[in-house]
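Report on the structure given below.
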Amino acid sequence: MTFLVGQQILEIKAGAPNNGRGEDNRGMVKQFAVGRGEKYPYVSAQASRRWLRDSLPAGEPTSPVIRSGEGKKQQAYTRGRPDLYLDDDLFGYMIAVKADEAGAKKGESKTFMRDTVLATGTLVSVVPSKPVMDFGTMSRDFEPGTHPVIHEHEMYTADLAGDLLLDLPRVGTFETGGRTTKAALPPRLADEVVEKGGYEVVLRGVQCVRLPIDERRRRAGVLLRTMAMVKGGAKQSAHYGDRTPGLVILAPLKGGTNPFTRVVREREKATYFDADVLREEIGAWSDELDGPVRIGWAPGFLGSQRDRAFSDLTDLLKDEKLILGHPRTVLNTLADEIEASDHDSWFEDPQ
């Protein structure tokens with residue numbers, strides 16, 4: 001049983017990738033204050049997950065969204081078919097529908113829920129960064145002497161960091177019941193998974209159905225490749241920017257703990273990659289690591305720190321405890337290895 005855990009850092013330059021609630025004609029970015037009012041812009045996990053979903057390959061079907069009810073009673077949920085749709089499998093869902101099983105009581109409802117397989121933290125500025133207000137007007141084709149329409153919106157420059165965890169044994173594995181776990185699929189659909197080549201399995205004490213390993217490998221590979229080329233964000237007409245990670249850390253760990261959340265931190269009011277923290281965490285968790293720690297680091301991001309890290313971590317690189325390269329290369333290579341069945345043990349849960 002292995003989790004891929006780590007962190008991703010995005011470089012935002014004069015951007016407004018995720019907006020909060022506006023005030024009058026002012027667009028406000030999401031942010032919060034800490035301590036004496038220092039501002040930390042952030043991108044919500046909901047937004048970054050939407051970017052991933054929207055960046056999936058064109059040929060990868062996504063789960064349709066169903067909307068029902070009106071006003072305060074309206075609901076919106078996906079189809080809830082993780083057997084058919086990668087996004088339902090990896091991102092999770094919750095749906096409450098009228099039961100259509102034989103023998104169900106009239107008006108009875110049934111809730112089906114899938115906890116996320118890909119856990120994503122909020123992308124928060126590593127260093128305080130106060131957003132600035134961009135002032136604009138609209139006056140094209142107005143008559144002379146007419147007052148322009150005024151509009152304003154916030155933007156900022158910052159490095160945003162967020163934690164990651166991919167629960168590999170649960171990729172393509174769907175709970176069908178348990179005392180404390182809600183079913184992800186109703187019985188008839190669970191039977192359908194088995195009829196189409198899946199099989200029953202017990203994962204962490206819960207009865208499940210599981211897709212064949214080749215499809216599970218494929219889904220993990222698609223996610224990693226999508227992370228390498230993700231795009232999205234608000235206000236792209238005025239603040240278009242790269243949304244792929246400037247730096248990403250991924251480590252295969254036998255448990256669900258993520259010890260690599262403090263490698264990238266603030267130092268002297270700047271984003272700092274702490275090689276000493278990385279080295280100590282690799283040593284402390286050596287008995288739980290199930291392979292090398294992989295770091296994708298875009299050249300130019302954080303200036304000379306990349307070259308310094310290569311130098312400071314030479315021994316770990318030589319001992320194959322660490323892989324360091326471009327984010328796209330690191331993520332695509334890991335996807336290749338998974339699809340080639342090099343890491344099938346990561347998908348299993350030892351009894």
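Residues in the structure tokens are named by chain (A, B, ... in the order shown) and by number from 1 within that chain; ligands are numbered from 1 in the order shown.
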
Worksheet entry | Contact residues around Phe310 (chain A) with only C-alpha atoms at 9 Å, ignoring same-chain residues under 5 positions, as an NGL selection string | :A and (305 or 317 or 324)

Item to complete: List the neighbours of Gly296 (chain A) out to 8 Å using only C-alpha atoms; skip same-chain residues closer than 2 positions along the sequence, and give me the result as a PyMOL selection string.
Response: chain A and resi 246-249+294+298+324-331

At a cut-off of 7 Å, can you tabulate as JSON lines every residue of region 193-269 of chain A near region 123-137 of chain A together with its closest atom pair and the distance in Å to one decimal, using only C-alpha atoms and ordering rows by chain then number?
{"residue": "A:Arg265", "atom": "CA", "partner": "A:Val126", "partner_atom": "CA", "distance": 6.2}
{"residue": "A:Glu266", "atom": "CA", "partner": "A:Val127", "partner_atom": "CA", "distance": 5.8}
{"residue": "A:Lys269", "atom": "CA", "partner": "A:Val127", "partner_atom": "CA", "distance": 6.1}

Worksheet entry | Filtered DSSP result for region 229-316 of chain A, state strand (DSSP E or B), as a PyMOL selection string | chain A and resi 247-253+264-267+270-273+289+293-297

Fill in: 9 Å contact set for Arg216 (chain A), only C-alpha atoms, chain neighbours under 6 positions out, as JSON, numbers by chain
{"A": [168, 171, 172, 173, 210, 339, 347]}

Fill in: Contacts of Ala220 (chain A) at 12 Å (only C-alpha atoms; same-chain gap of 4+ positions) as a ChimeraX atom specification
/A:3-4,86-87,89-90,117-118,166-172,213-216,224-227,331-332,334-341,343-344,346-347

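For the residues A:Leu250, A:Ile95, A:Ile150, A:Ile282, ranking by smallest atom-to-atom distance to Lys182 (chain A) using only C-alpha atoms places A:Ile95 first.
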
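If you measure from each of A:Lys231, A:His239, A:Arg279, A:Arg79 to Arg50 (chain A) using only C-alpha atoms, the closest one turns out to be A:Lys231.
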
Discussion item. Show me, as a PyMOL selection string, the residues that have an atom within 12 Å of region 30-42 of chain A when counting only C-alpha atoms, minus same-chain residues fewer than 3 positions from it.
Written reply: chain A and resi 9-12+15-22+27+45-48+121-132+153-162+234+269
